[in-house]
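For reference, run29.txt (compact mmCIF, C-alpha atoms):
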```txt
# COMPACT_ATOMS: atom_id res chain seq x y z
CA MET A 31 -13.46 19.00 9.42
CA ALA A 32 -10.36 17.01 8.71
CA LYS A 33 -7.37 17.33 10.98
CA LYS A 34 -4.10 15.54 11.51
CA SER A 35 -4.40 12.24 13.31
CA LYS A 36 -1.97 9.46 14.05
CA THR A 37 -4.42 6.68 14.78
CA ILE A 38 -7.80 5.45 13.66
CA ALA A 39 -10.54 6.37 16.12
CA PRO A 40 -12.32 3.51 17.90
CA GLU A 41 -15.82 2.75 16.63
CA ASN A 42 -17.60 4.36 19.60
CA GLU A 43 -15.71 7.64 19.18
CA ILE A 44 -16.48 10.28 16.56
CA PRO A 45 -13.70 10.12 13.96
CA GLN A 46 -12.65 12.99 11.76
CA SER A 47 -13.30 12.69 8.02
CA ARG A 48 -9.79 11.52 7.17
CA ASP A 49 -9.93 8.90 9.96
CA ASN A 50 -13.38 7.47 9.26
CA PRO A 51 -13.67 4.17 7.34
CA PHE A 52 -17.46 4.07 7.83
CA PHE A 53 -19.76 5.78 5.36
CA THR A 54 -23.46 5.55 4.57
CA GLY A 55 -26.31 7.34 2.85
CA HIS A 56 -24.74 8.36 -0.48
CA ASP A 57 -24.44 5.16 -2.50
CA GLU A 58 -25.47 6.88 -5.73
CA ALA A 59 -22.71 9.47 -5.43
CA GLU A 60 -20.12 6.76 -4.84
CA GLN A 61 -21.33 4.86 -7.87
CA THR A 62 -21.17 8.00 -10.00
CA PHE A 63 -17.47 8.36 -9.21
CA LEU A 64 -16.77 4.68 -9.79
CA ASP A 65 -18.58 4.73 -13.14
CA ALA A 66 -16.56 7.76 -14.22
CA TRP A 67 -13.35 6.04 -13.16
CA LYS A 68 -14.13 2.84 -15.06
CA SER A 69 -15.21 4.77 -18.17
CA GLY A 70 -11.79 6.38 -18.52
CA ARG A 71 -13.43 9.84 -18.67
CA LEU A 72 -12.67 10.97 -15.16
CA ALA A 73 -13.11 14.68 -14.42
CA HIS A 74 -9.93 16.26 -13.06
CA ALA A 75 -11.87 18.30 -10.46
CA TRP A 76 -14.94 17.36 -8.40
CA LEU A 77 -17.11 19.88 -6.52
CA ILE A 78 -18.91 18.02 -3.72
CA CYS A 79 -21.84 20.12 -2.49
CA GLY A 80 -24.49 19.91 0.21
CA PRO A 81 -25.39 21.05 3.74
CA ARG A 82 -22.83 20.81 6.53
CA GLY A 83 -22.39 17.53 8.33
CA ILE A 84 -23.95 15.13 5.81
CA GLY A 85 -20.72 13.36 4.80
CA LYS A 86 -19.22 15.45 1.97
CA ALA A 87 -15.68 15.41 3.35
CA ASN A 88 -16.00 11.71 4.19
CA LEU A 89 -16.93 11.01 0.57
CA ALA A 90 -14.07 13.19 -0.72
CA TYR A 91 -11.56 11.26 1.40
CA ARG A 92 -13.00 7.95 0.17
CA MET A 93 -12.58 9.03 -3.45
CA ALA A 94 -9.08 10.34 -2.72
CA ARG A 95 -7.97 7.12 -1.01
CA PHE A 96 -9.43 5.05 -3.84
CA ALA A 97 -7.47 7.03 -6.45
CA LEU A 98 -4.26 6.80 -4.45
CA SER A 99 -4.62 3.04 -4.13
CA GLN A 100 -4.98 2.44 -7.87
CA PRO A 101 -1.96 1.46 -9.99
CA ASN A 102 -0.65 3.60 -12.81
CA ASP A 103 -2.37 2.13 -15.86
CA GLU A 104 0.50 3.26 -18.06
CA ASP A 105 3.01 1.24 -16.05
CA SER A 106 1.01 -1.73 -14.81
CA GLY A 107 0.53 -3.56 -18.14
CA PRO A 108 -1.03 -7.01 -18.47
CA GLY A 109 -0.49 -9.71 -15.88
CA LEU A 110 1.17 -13.09 -16.35
CA PHE A 111 -1.84 -14.48 -18.22
CA GLY A 112 -2.56 -11.33 -20.21
CA ASP A 113 -5.11 -9.95 -17.77
CA THR A 114 -5.12 -6.66 -15.90
CA GLU A 115 -6.10 -6.09 -12.28
CA PRO A 116 -9.85 -5.29 -12.13
CA VAL A 117 -11.04 -1.98 -10.72
CA ALA A 118 -12.78 -2.34 -7.35
CA ASP A 119 -16.57 -2.12 -7.26
CA THR A 120 -16.62 -0.06 -4.07
CA LEU A 121 -14.80 2.86 -2.48
CA GLN A 122 -14.80 1.06 0.87
CA MET A 123 -11.32 0.65 2.36
CA SER A 124 -10.32 -0.88 5.67
CA GLY A 125 -8.93 1.47 8.28
CA GLU A 126 -5.92 -0.84 8.41
CA HIS A 127 -5.11 -0.40 4.72
CA LEU A 128 -1.69 1.23 4.23
CA VAL A 129 -3.10 4.02 2.02
CA PHE A 130 -5.85 4.73 4.56
CA ARG A 131 -3.43 4.99 7.45
CA ARG A 132 -0.95 7.18 5.55
CA VAL A 133 -3.67 9.60 4.44
CA ALA A 134 -5.04 9.72 8.00
CA ALA A 135 -1.56 10.53 9.32
CA SER A 136 -0.85 13.15 6.60
CA GLY A 137 2.02 10.94 5.46
CA HIS A 138 1.15 10.08 1.87
CA GLY A 139 3.57 11.58 -0.64
CA ASP A 140 0.94 12.04 -3.36
CA PHE A 141 -1.79 13.63 -1.21
CA ARG A 142 -2.38 17.12 0.18
CA ALA A 143 -5.32 18.28 2.30
CA ILE A 144 -6.00 22.03 2.39
CA GLU A 145 -8.08 23.61 5.15
CA ARG A 146 -8.16 26.73 7.30
CA ALA A 147 -4.96 27.14 9.30
CA TRP A 148 -4.94 27.25 13.08
CA ALA A 149 -5.29 30.72 14.57
CA ASP A 150 -3.35 29.87 17.75
CA THR A 151 -0.56 27.60 18.90
CA LYS A 152 -2.97 25.57 21.06
CA GLN A 153 -4.94 24.59 17.93
CA SER A 154 -8.21 25.56 19.61
CA LYS A 155 -9.53 27.84 16.88
CA ARG A 156 -9.09 28.07 13.13
CA LYS A 157 -8.66 31.20 11.02
CA ALA A 158 -11.69 32.71 9.31
CA SER A 159 -10.68 31.69 5.80
CA ILE A 160 -8.24 29.69 3.68
CA SER A 161 -5.60 32.11 2.47
CA VAL A 162 -3.55 32.08 -0.72
CA GLY A 163 -0.62 30.90 1.39
CA GLU A 164 -2.43 27.63 2.12
CA VAL A 165 -3.07 26.89 -1.58
CA ARG A 166 0.17 28.26 -2.99
CA GLY A 167 2.29 25.39 -4.17
CA ILE A 168 -0.44 22.87 -4.94
CA GLY A 169 -0.04 23.57 -8.67
CA SER A 170 3.63 22.57 -8.64
CA PHE A 171 2.80 19.64 -6.34
CA LEU A 172 0.19 18.30 -8.79
CA ARG A 173 2.56 18.65 -11.75
CA LEU A 174 5.19 16.42 -10.15
CA THR A 175 5.36 12.79 -11.21
CA PRO A 176 3.40 10.72 -8.68
CA ALA A 177 5.84 9.39 -6.13
CA GLU A 178 3.90 6.37 -4.90
CA GLY A 179 1.28 5.42 -7.45
CA GLY A 180 -0.61 6.62 -10.45
CA TRP A 181 -2.17 9.86 -9.19
CA ARG A 182 -1.58 13.02 -7.21
CA VAL A 183 -4.55 14.27 -5.20
CA VAL A 184 -5.51 17.55 -3.47
CA LEU A 185 -8.56 17.88 -1.22
CA ILE A 186 -9.83 21.33 -0.19
CA ASP A 187 -12.22 21.38 2.78
CA ALA A 188 -14.09 23.63 2.51
CA ALA A 189 -13.62 25.38 -0.83
CA ASP A 190 -16.09 28.17 -0.04
CA GLU A 191 -13.89 29.14 2.91
CA MET A 192 -11.13 30.29 0.54
CA ASN A 193 -10.58 34.03 0.25
CA ARG A 194 -10.64 35.56 -3.21
CA ASN A 195 -6.87 35.40 -3.73
CA ALA A 196 -6.88 31.70 -2.84
CA GLU A 197 -9.79 31.11 -5.22
CA ASN A 198 -7.91 32.78 -8.06
CA ALA A 199 -4.85 30.63 -7.38
CA VAL A 200 -6.97 27.45 -7.52
CA LEU A 201 -8.72 28.69 -10.67
CA LYS A 202 -5.38 28.89 -12.50
CA ILE A 203 -4.77 25.22 -11.72
CA LEU A 204 -8.26 24.25 -12.88
CA GLU A 205 -7.77 26.15 -16.14
CA GLU A 206 -4.67 24.08 -16.98
CA PRO A 207 -5.09 20.81 -15.06
CA PRO A 208 -1.96 18.66 -14.80
CA GLN A 209 -1.99 15.07 -16.05
CA ARG A 210 -2.93 12.34 -13.56
CA ALA A 211 -4.02 14.87 -10.96
CA LEU A 212 -7.30 15.06 -9.06
CA ILE A 213 -8.76 17.93 -7.05
CA PHE A 214 -11.69 17.43 -4.67
CA LEU A 215 -13.42 20.59 -3.46
CA VAL A 216 -15.86 20.22 -0.56
CA SER A 217 -18.45 23.01 -0.53
CA HIS A 218 -21.23 23.87 1.94
CA ASN A 219 -22.28 26.87 -0.15
CA PRO A 220 -21.09 26.68 -3.78
CA ALA A 221 -22.76 30.00 -4.60
CA ARG A 222 -19.87 31.67 -2.75
CA LEU A 223 -17.35 30.27 -5.20
CA LEU A 224 -16.29 31.98 -8.39
CA PRO A 225 -18.55 30.89 -11.28
CA THR A 226 -15.44 30.01 -13.26
CA ILE A 227 -14.38 27.54 -10.55
CA ARG A 228 -17.81 25.92 -10.53
CA SER A 229 -17.83 25.64 -14.32
CA ARG A 230 -14.50 23.77 -14.37
CA CYS A 231 -15.56 21.07 -11.92
CA ARG A 232 -17.87 18.12 -12.13
CA ARG A 233 -20.51 18.91 -9.55
CA MET A 234 -21.83 16.28 -7.17
CA ASP A 235 -24.79 17.36 -5.01
CA LEU A 236 -25.40 15.33 -1.85
CA SER A 237 -28.82 15.38 -0.18
CA PRO A 238 -29.49 15.55 3.56
CA LEU A 239 -29.54 12.12 5.17
CA PRO A 240 -32.88 10.44 5.96
CA SER A 241 -33.96 10.86 9.58
CA GLN A 242 -33.60 7.13 10.27
CA THR A 243 -30.05 7.12 8.90
CA VAL A 244 -29.17 10.01 11.21
CA ALA A 245 -30.75 8.15 14.13
CA ASN A 246 -28.69 5.04 13.35
CA LEU A 247 -25.50 7.11 13.18
CA ILE A 248 -26.29 8.81 16.49
CA MET A 249 -26.57 5.38 18.10
CA ARG A 250 -23.29 4.36 16.48
CA TYR A 251 -21.27 7.38 17.59
CA ARG A 252 -23.08 8.23 20.85
CA PRO A 253 -24.26 4.93 22.36
CA ASP A 254 -24.22 6.66 25.75
CA LEU A 255 -27.26 8.80 24.87
CA ASP A 256 -30.72 7.89 26.14
CA SER A 257 -32.47 5.94 23.39
CA LYS A 258 -35.61 8.08 23.73
CA ASP A 259 -33.57 11.13 22.68
CA THR A 260 -32.33 9.60 19.43
CA ARG A 261 -35.44 10.26 17.31
CA PRO A 262 -35.99 13.92 18.33
CA LEU A 263 -32.28 14.61 17.86
CA SER A 264 -32.41 13.07 14.39
CA VAL A 265 -35.28 15.40 13.42
CA LEU A 266 -33.56 18.45 14.90
CA ALA A 267 -30.47 17.52 12.90
CA ASP A 268 -32.31 18.19 9.63
CA GLY A 269 -30.48 15.45 7.76
CA SER A 270 -27.01 16.20 9.14
CA ILE A 271 -25.21 13.75 11.43
CA GLY A 272 -22.64 16.48 12.08
CA ARG A 273 -25.36 18.80 13.38
CA ALA A 274 -26.89 15.97 15.43
CA LEU A 275 -23.61 15.27 17.20
CA GLU A 276 -22.96 18.97 17.80
CA LEU A 277 -26.43 19.32 19.35
CA ALA A 278 -25.88 16.22 21.47
CA ASN A 279 -22.56 17.57 22.75
CA ALA A 280 -24.10 20.98 23.54
CA GLY A 281 -27.22 19.66 25.27
CA GLY A 282 -29.24 20.90 22.32
CA LEU A 283 -32.30 18.72 22.90
CA ASP A 284 -32.79 20.02 26.46
CA LEU A 285 -32.33 23.57 25.19
CA PHE A 286 -34.92 22.95 22.47
CA ARG A 287 -37.38 21.61 25.04
CA SER A 288 -36.81 24.77 27.08
CA LEU A 289 -37.36 26.94 24.00
CA ILE A 290 -40.61 25.19 23.13
CA GLY A 291 -41.66 25.56 26.75
CA VAL A 292 -41.20 29.34 26.53
CA LEU A 293 -43.00 29.54 23.18
CA ALA A 294 -45.92 27.61 24.69
CA THR A 295 -46.58 30.54 27.04
CA MET A 296 -46.88 33.06 24.18
CA PRO A 297 -48.34 35.65 23.77
CA LYS A 298 -47.89 36.21 27.53
CA MET A 299 -44.34 34.99 27.89
CA ASP A 300 -43.29 33.39 31.16
CA ILE A 301 -40.42 35.65 32.18
CA GLY A 302 -38.93 33.10 34.57
CA MET A 303 -38.74 30.46 31.85
CA ALA A 304 -37.31 33.01 29.42
CA HIS A 305 -34.55 33.95 31.86
CA ALA A 306 -33.79 30.28 32.53
CA LEU A 307 -33.32 29.72 28.79
CA SER A 308 -31.18 32.82 28.33
CA ASP A 309 -28.98 31.77 31.26
CA ALA A 310 -27.83 28.87 29.07
CA THR A 311 -25.77 31.35 27.03
CA PHE A 312 -23.14 31.37 29.78
CA LYS A 313 -22.31 27.68 29.33
CA GLY A 314 -20.00 26.48 26.53
CA GLU A 315 -21.70 26.74 23.16
CA GLY A 316 -25.02 27.67 24.77
CA PHE A 317 -25.48 30.97 22.95
CA ARG A 318 -24.77 29.62 19.47
CA THR A 319 -26.93 26.58 20.15
CA VAL A 320 -29.92 28.60 21.38
CA ALA A 321 -29.53 31.06 18.50
CA ASP A 322 -29.34 28.23 15.97
CA LEU A 323 -32.35 26.41 17.43
CA MET A 324 -34.53 29.50 17.58
CA THR A 325 -33.85 30.64 14.03
CA TRP A 326 -34.06 27.05 12.73
CA TRP A 327 -37.42 26.42 14.37
CA LEU A 328 -38.95 29.68 13.16
CA ALA A 329 -37.87 28.78 9.62
CA ARG A 330 -39.32 25.30 10.10
CA MET A 331 -42.60 26.75 11.37
CA VAL A 332 -42.97 29.03 8.36
CA SER A 333 -41.91 26.53 5.70
CA VAL A 334 -43.97 23.59 6.99
CA THR A 335 -47.03 25.82 7.44
CA ALA A 336 -46.63 27.31 3.96
CA ARG A 337 -46.56 23.81 2.46
CA ASN A 338 -49.39 22.62 4.71
CA GLU A 339 -47.27 19.66 5.80
CA TRP A 340 -47.64 19.55 9.58
CA ALA A 341 -49.73 16.38 9.28
CA HIS A 342 -46.77 14.65 7.62
CA SER A 343 -44.05 16.25 9.76
CA GLN A 344 -42.58 14.48 12.79
CA GLU A 345 -43.26 16.28 16.05
CA ILE A 346 -39.94 16.82 17.79
CA VAL A 347 -41.36 17.28 21.29
CA PRO A 348 -44.97 16.99 22.49
CA GLY A 349 -47.06 20.06 21.75
CA GLU A 350 -44.74 21.46 19.07
CA HIS A 351 -47.35 21.35 16.29
CA ALA A 352 -50.03 22.99 18.41
CA ILE A 353 -47.65 25.82 19.34
CA ALA A 354 -46.78 26.39 15.69
CA ASP A 355 -50.47 26.45 14.72
CA ARG A 356 -51.26 29.00 17.41
CA LEU A 357 -48.36 31.28 16.52
CA CYS A 358 -49.15 31.16 12.80
CA ALA A 359 -52.78 31.98 13.52
CA SER A 360 -51.70 35.15 15.36
CA ALA A 361 -49.95 36.72 12.33
CA GLY A 362 -49.38 36.17 8.62
CA LEU A 363 -46.50 34.06 7.36
CA ASP A 364 -44.91 37.14 5.78
CA GLN A 365 -44.85 38.75 9.21
CA TRP A 366 -43.23 35.67 10.72
CA VAL A 367 -40.63 35.67 7.95
CA GLU A 368 -39.82 39.25 8.95
CA VAL A 369 -39.45 38.17 12.60
CA TRP A 370 -37.14 35.34 11.56
CA GLU A 371 -34.98 37.70 9.47
CA ASN A 372 -34.75 40.27 12.27
CA ILE A 373 -33.82 37.67 14.88
CA ALA A 374 -31.21 36.10 12.59
CA ARG A 375 -29.60 39.52 12.08
CA LEU A 376 -29.75 40.17 15.82
CA PHE A 377 -27.87 36.97 16.61
CA GLU A 378 -25.29 37.59 13.87
CA ARG A 379 -24.63 41.10 15.16
CA ALA A 380 -24.35 39.88 18.76
CA ASP A 381 -21.78 37.30 17.73
CA ALA A 382 -19.82 39.76 15.61
CA VAL A 383 -19.58 42.67 18.07
CA HIS A 384 -19.86 40.74 21.33
CA LEU A 385 -23.20 42.07 22.55
CA ASP A 386 -24.60 40.79 25.84
CA LYS A 387 -25.71 37.29 24.94
CA LYS A 388 -28.36 36.85 27.61
CA ARG A 389 -29.94 40.16 26.67
CA THR A 390 -29.83 39.19 23.00
CA VAL A 391 -31.76 35.96 23.63
CA LEU A 392 -34.33 37.84 25.73
CA ASN A 393 -34.76 40.46 22.98
CA ALA A 394 -35.30 37.71 20.43
CA LEU A 395 -37.98 36.11 22.62
CA LEU A 396 -39.62 39.52 23.14
CA ALA A 397 -39.77 39.97 19.35
CA ILE A 398 -41.64 36.67 19.08
CA GLU A 399 -43.96 37.65 21.93
CA HIS A 400 -44.71 40.98 20.29
CA ARG A 401 -45.67 39.31 17.00
CA ALA A 402 -47.68 36.60 18.75
CA ALA A 403 -49.71 39.30 20.50
CA GLY A 404 -51.02 40.38 17.08
```
Could I get this file's structure written as structure tokens?
Amino acid sequence: MAKKSKTIAPENEIPQSRDNPFFTGHDEAEQTFLDAWKSGRLAHAWLICGPRGIGKANLAYRMARFALSQPNDEDSGPGLFGDTEPVADTLQMSGEHLVFRRVAASGHGDFRAIERAWADTKQSKRKASISVGEVRGIGSFLRLTPAEGGWRVVLIDAADEMNRNAENAVLKILEEPPQRALIFLVSHNPARLLPTIRSRCRRMDLSPLPSQTVANLIMRYRPDLDSKDTRPLSVLADGSIGRALELANAGGLDLFRSLIGVLATMPKMDIGMAHALSDATFKGEGFRTVADLMTWWLARMVSVTARNEWAHSQEIVPGEHAIADRLCASAGLDQWVEVWENIARLFERADAVHLDKKRTVLNALLAIEHRAAG
């Protein structure tokens, strides 16, 4: 998520989207925007879709900075020898570029970034949604004459976090788009948006990053990690560098190894190992990480088995494939889908109403044990 920053992060730190000059993995999407720009038929609103953590906001900021750096074609005119300044062939911009630094510092007069407001004065937690108050005023902002260049730009991250009143306010702007105005909407789940918003945007779908790309980015942003952990983390990340870094920060690979260790004892679960795993819920993001890993792996087990793709799937830790084969042999895939759904609901309820987290993890493991027993 983007947040206010006064300086560009060093290369070995993990920069926020507005601070990050480095970008990889979505060359085709960048070229699509550049081609539209050069054609003179640029959509006024772009809906950038895909899973969390794959670079959608980074791409949106690159497109925004590019637009803000371009001259006003109406005012620029031909040069001394009758030529005009060529349009760049890339969205890449140095972190030292004036436009880059002003966008990163929230100091560009023609740019607004909209995101969930902070829920507390310490800025430790954000509100659940983007309210109409956050988007009110962007219509009048976009209708103003650009103060510093040729365009005014609004970036909403993430658009599917808007509440319905905020969506309706944005829809009114999309229905009557101002001249020389661009809106970039980042969306993890576009199905949550009003159909009328989706229909008024040019949609750009980004795919999960290749495992090797994620591995390279892990080494870039977390050079302190053991090199032998890079590959399994990149597979666990499921194409998302954001997820990979979150797992690395939360000790996710060790927790996954512990989870697989417990599953290896099924259908007679090792209670000591189960308690050791559930004890992790008391540390930091331990509960959310364990919940995410358990539901993710069950979904992986079912989907890879259904497609008969284990032979072509990377094993995250030794013995993972054999454990999946044994569990799937103990019950039908439809029964395992039911287990996955029940466990996902259990974790959601525990998070929502503050149930005992250790007990919740143990109950989830017991549900797997019960199904594995046939």
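Among the candidates A:Arg182, A:Arg252, A:His342, A:Arg142, the one nearest to Arg210 (chain A) when counting only C-alpha atoms is A:Arg182.
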If we count all atoms listed in the file and set the cut-off at 7 Å, which residues sit around Asn88 (chain A), ignoring sequence neighbours fewer than 4 positions away in its own chain? Please answer as a compact mmCIF listing (two decimals) with C-alpha atoms, in the coordinates of the input.
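Once everything was written out, this is around.txt:
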```
# COMPACT_ATOMS: atom_id res chain seq x y z
CA SER A 47 -13.30 12.69 8.02
CA ARG A 48 -9.79 11.52 7.17
CA ARG A 92 -13.00 7.95 0.17
```
Which one of A:Arg194, A:His74, A:His56, A:Lys157 sits closest to Leu121 (chain A) if you count all atoms listed in the file?
A:His56
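One finds CA of Phe286 (chain A) at 22.8 Å from CA of Ala361 (chain A).
You can rank A:Ala149, A:Ala294, A:Leu357, A:Ala97 by their closest distance to Val183 (chain A) using all atoms listed in the file, and at the top of that list sits A:Ala97.
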Using all atoms listed in the file for the distances, tell me which of A:Ile271, A:Leu64, A:Val391, A:Thr226 is nearest to Pro240 (chain A).
A:Ile271
Leaving out Leu98 (chain A) and any residue of its chain fewer than 5 positions from it, which residues lie within 10 Å of it when counting all atoms listed in the file, given as a VMD selection string?
chain A and resid 92 to 93 129 to 130 133 138 to 141 176 178 to 183 212
Interatomic distance, CA of Gln61 (chain A) to CA of Arg132 (chain A) (Å, one decimal)
24.5 Å
Within 10 Å of (-11.5, 0.1, -7.5) (coordinates as in the file), grab all the protein and nucleic acid residues, counting only C-alpha atoms, and write them out as a PyMOL selection string.
chain A and resi 64+67-68+93+96-97+99-101+115-123
Selected residues written out with C-alpha atoms, as a tab-separated table (two decimals), in the coordinates of the input:
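What landed in again27.tsv:
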```tsv
chain	number	residue	atom	x	y	z
A	64	LEU	CA	-16.77	4.68	-9.79
A	67	TRP	CA	-13.35	6.04	-13.16
A	68	LYS	CA	-14.13	2.84	-15.06
A	93	MET	CA	-12.58	9.03	-3.45
A	96	PHE	CA	-9.43	5.05	-3.84
A	97	ALA	CA	-7.47	7.03	-6.45
A	99	SER	CA	-4.62	3.04	-4.13
A	100	GLN	CA	-4.98	2.44	-7.87
A	101	PRO	CA	-1.96	1.46	-9.99
A	115	GLU	CA	-6.10	-6.09	-12.28
A	116	PRO	CA	-9.85	-5.29	-12.13
A	117	VAL	CA	-11.04	-1.98	-10.72
A	118	ALA	CA	-12.78	-2.34	-7.35
A	119	ASP	CA	-16.57	-2.12	-7.26
A	120	THR	CA	-16.62	-0.06	-4.07
A	121	LEU	CA	-14.80	2.86	-2.48
A	122	GLN	CA	-14.80	1.06	0.87
A	123	MET	CA	-11.32	0.65	2.36
```
Surrounding residues of Arg356 (chain A) excluding itself and chain neighbours under 3 positions, 12 Å, all atoms listed in the file, as a ChimeraX atom specification
/A:293-297,331,335,349-353,359-362,401-404
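We find CA of Val184 (chain A) and CA of Val165 (chain A) to be spaced 9.8 Å apart.
Proximity ranking of A:Thr54, A:Ser333, A:Thr62, A:Ser154 relative to Arg232 (chain A) places A:Thr62 first, based on all atoms listed in the file.
Of the residues listed (A:Cys358, A:Ala147, A:Ala380, A:Val216), A:Val216 shows the shortest atom-to-atom separation from Leu185 (chain A); distances use only C-alpha atoms.
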Need the axis-aligned box for region 257-265 of chain A with 8 Å each side, so what are the centre and edges in Å to one decimal, as lines of an AutoDock Vina configuration file?
```
center_x = -34.1
center_y = 10.7
center_z = 18.6
size_x = 19.7
size_y = 25.5
size_z = 26.3
```
With a distance cut-off of 10 Å and all atoms listed in the file, select the neighbouring residues of Glu276 (chain A), excluding the residue or stretch itself and same-chain residues fewer than 4 positions from it, and output the selection as a ChimeraX atom specification.
/A:83,267,270-272,280-282,315,319
Can you tell me which residues surround Leu395 (chain A) at a distance of at most 12 Å, considering only C-alpha atoms, apart from same-chain residues fewer than 6 positions away, and format the answer as a PyMOL selection string?
chain A and resi 289-301+303-305+307-308+320-321+324-325+328+369-370+372-373+376-377+388-389+401-402
File dump, residues just selected, C-alpha atoms, as an mmCIF file, in the frame of the given file:
```cif
data_model
loop_
_atom_site.group_PDB
_atom_site.id
_atom_site.type_symbol
_atom_site.label_atom_id
_atom_site.label_comp_id
_atom_site.auth_asym_id
_atom_site.auth_seq_id
_atom_site.Cartn_x
_atom_site.Cartn_y
_atom_site.Cartn_z
ATOM 1 C CA LEU A 289 -37.360 26.940 24.000
ATOM 2 C CA ILE A 290 -40.610 25.190 23.130
ATOM 3 C CA GLY A 291 -41.660 25.560 26.750
ATOM 4 C CA VAL A 292 -41.200 29.340 26.530
ATOM 5 C CA LEU A 293 -43.000 29.540 23.180
ATOM 6 C CA ALA A 294 -45.920 27.610 24.690
ATOM 7 C CA THR A 295 -46.580 30.540 27.040
ATOM 8 C CA MET A 296 -46.880 33.060 24.180
ATOM 9 C CA PRO A 297 -48.340 35.650 23.770
ATOM 10 C CA LYS A 298 -47.890 36.210 27.530
ATOM 11 C CA MET A 299 -44.340 34.990 27.890
ATOM 12 C CA ASP A 300 -43.290 33.390 31.160
ATOM 13 C CA ILE A 301 -40.420 35.650 32.180
ATOM 14 C CA MET A 303 -38.740 30.460 31.850
ATOM 15 C CA ALA A 304 -37.310 33.010 29.420
ATOM 16 C CA HIS A 305 -34.550 33.950 31.860
ATOM 17 C CA LEU A 307 -33.320 29.720 28.790
ATOM 18 C CA SER A 308 -31.180 32.820 28.330
ATOM 19 C CA VAL A 320 -29.920 28.600 21.380
ATOM 20 C CA ALA A 321 -29.530 31.060 18.500
ATOM 21 C CA MET A 324 -34.530 29.500 17.580
ATOM 22 C CA THR A 325 -33.850 30.640 14.030
ATOM 23 C CA LEU A 328 -38.950 29.680 13.160
ATOM 24 C CA VAL A 369 -39.450 38.170 12.600
ATOM 25 C CA TRP A 370 -37.140 35.340 11.560
ATOM 26 C CA ASN A 372 -34.750 40.270 12.270
ATOM 27 C CA ILE A 373 -33.820 37.670 14.880
ATOM 28 C CA LEU A 376 -29.750 40.170 15.820
ATOM 29 C CA PHE A 377 -27.870 36.970 16.610
ATOM 30 C CA LYS A 388 -28.360 36.850 27.610
ATOM 31 C CA ARG A 389 -29.940 40.160 26.670
ATOM 32 C CA ARG A 401 -45.670 39.310 17.000
ATOM 33 C CA ALA A 402 -47.680 36.600 18.750
#
```
Neighbour residues at most 10 Å from (-22.8, 12.9, 15.6) (only C-alpha atoms) as a ChimeraX atom specification
/A:43-45,83,244-245,247-252,263-264,267,270-279
Starting from the sparse input, extend region 248-260 of chain A to N, CA and C atoms and give the output as an mmCIF file, in the coordinates of the input.
```cif
data_model
loop_
_atom_site.group_PDB
_atom_site.id
_atom_site.type_symbol
_atom_site.label_atom_id
_atom_site.label_comp_id
_atom_site.auth_asym_id
_atom_site.auth_seq_id
_atom_site.Cartn_x
_atom_site.Cartn_y
_atom_site.Cartn_z
ATOM 1 N N ILE A 248 -26.366 8.313 15.107
ATOM 2 C CA ILE A 248 -26.290 8.810 16.490
ATOM 3 C C ILE A 248 -26.033 7.646 17.435
ATOM 4 N N MET A 249 -26.755 6.544 17.233
ATOM 5 C CA MET A 249 -26.570 5.380 18.100
ATOM 6 C C MET A 249 -25.182 4.780 17.933
ATOM 7 N N ARG A 250 -24.628 4.892 16.731
ATOM 8 C CA ARG A 250 -23.290 4.360 16.480
ATOM 9 C C ARG A 250 -22.220 5.184 17.196
ATOM 10 N N TYR A 251 -22.319 6.518 17.071
ATOM 11 C CA TYR A 251 -21.270 7.380 17.590
ATOM 12 C C TYR A 251 -21.511 7.843 19.031
ATOM 13 N N ARG A 252 -22.771 7.819 19.476
ATOM 14 C CA ARG A 252 -23.080 8.230 20.850
ATOM 15 C C ARG A 252 -23.970 7.187 21.524
ATOM 16 N N PRO A 253 -23.453 5.974 21.720
ATOM 17 C CA PRO A 253 -24.260 4.930 22.360
ATOM 18 C C PRO A 253 -24.608 5.253 23.800
ATOM 19 N N ASP A 254 -23.951 6.271 24.374
ATOM 20 C CA ASP A 254 -24.220 6.660 25.750
ATOM 21 C C ASP A 254 -25.509 7.454 25.897
ATOM 22 N N LEU A 255 -26.061 7.973 24.789
ATOM 23 C CA LEU A 255 -27.260 8.800 24.870
ATOM 24 C C LEU A 255 -28.485 7.944 25.175
ATOM 25 N N ASP A 256 -29.453 8.555 25.861
ATOM 26 C CA ASP A 256 -30.720 7.890 26.140
ATOM 27 C C ASP A 256 -31.415 7.577 24.826
ATOM 28 N N SER A 257 -31.864 6.354 24.661
ATOM 29 C CA SER A 257 -32.470 5.940 23.390
ATOM 30 C C SER A 257 -33.699 6.769 23.028
ATOM 31 N N LYS A 258 -34.408 7.281 24.027
ATOM 32 C CA LYS A 258 -35.610 8.080 23.730
ATOM 33 C C LYS A 258 -35.264 9.437 23.135
ATOM 34 N N ASP A 259 -33.991 9.841 23.236
ATOM 35 C CA ASP A 259 -33.570 11.130 22.680
ATOM 36 C C ASP A 259 -33.090 11.012 21.233
ATOM 37 N N THR A 260 -32.901 9.795 20.756
ATOM 38 C CA THR A 260 -32.330 9.600 19.430
ATOM 39 C C THR A 260 -33.237 10.150 18.329
#
```
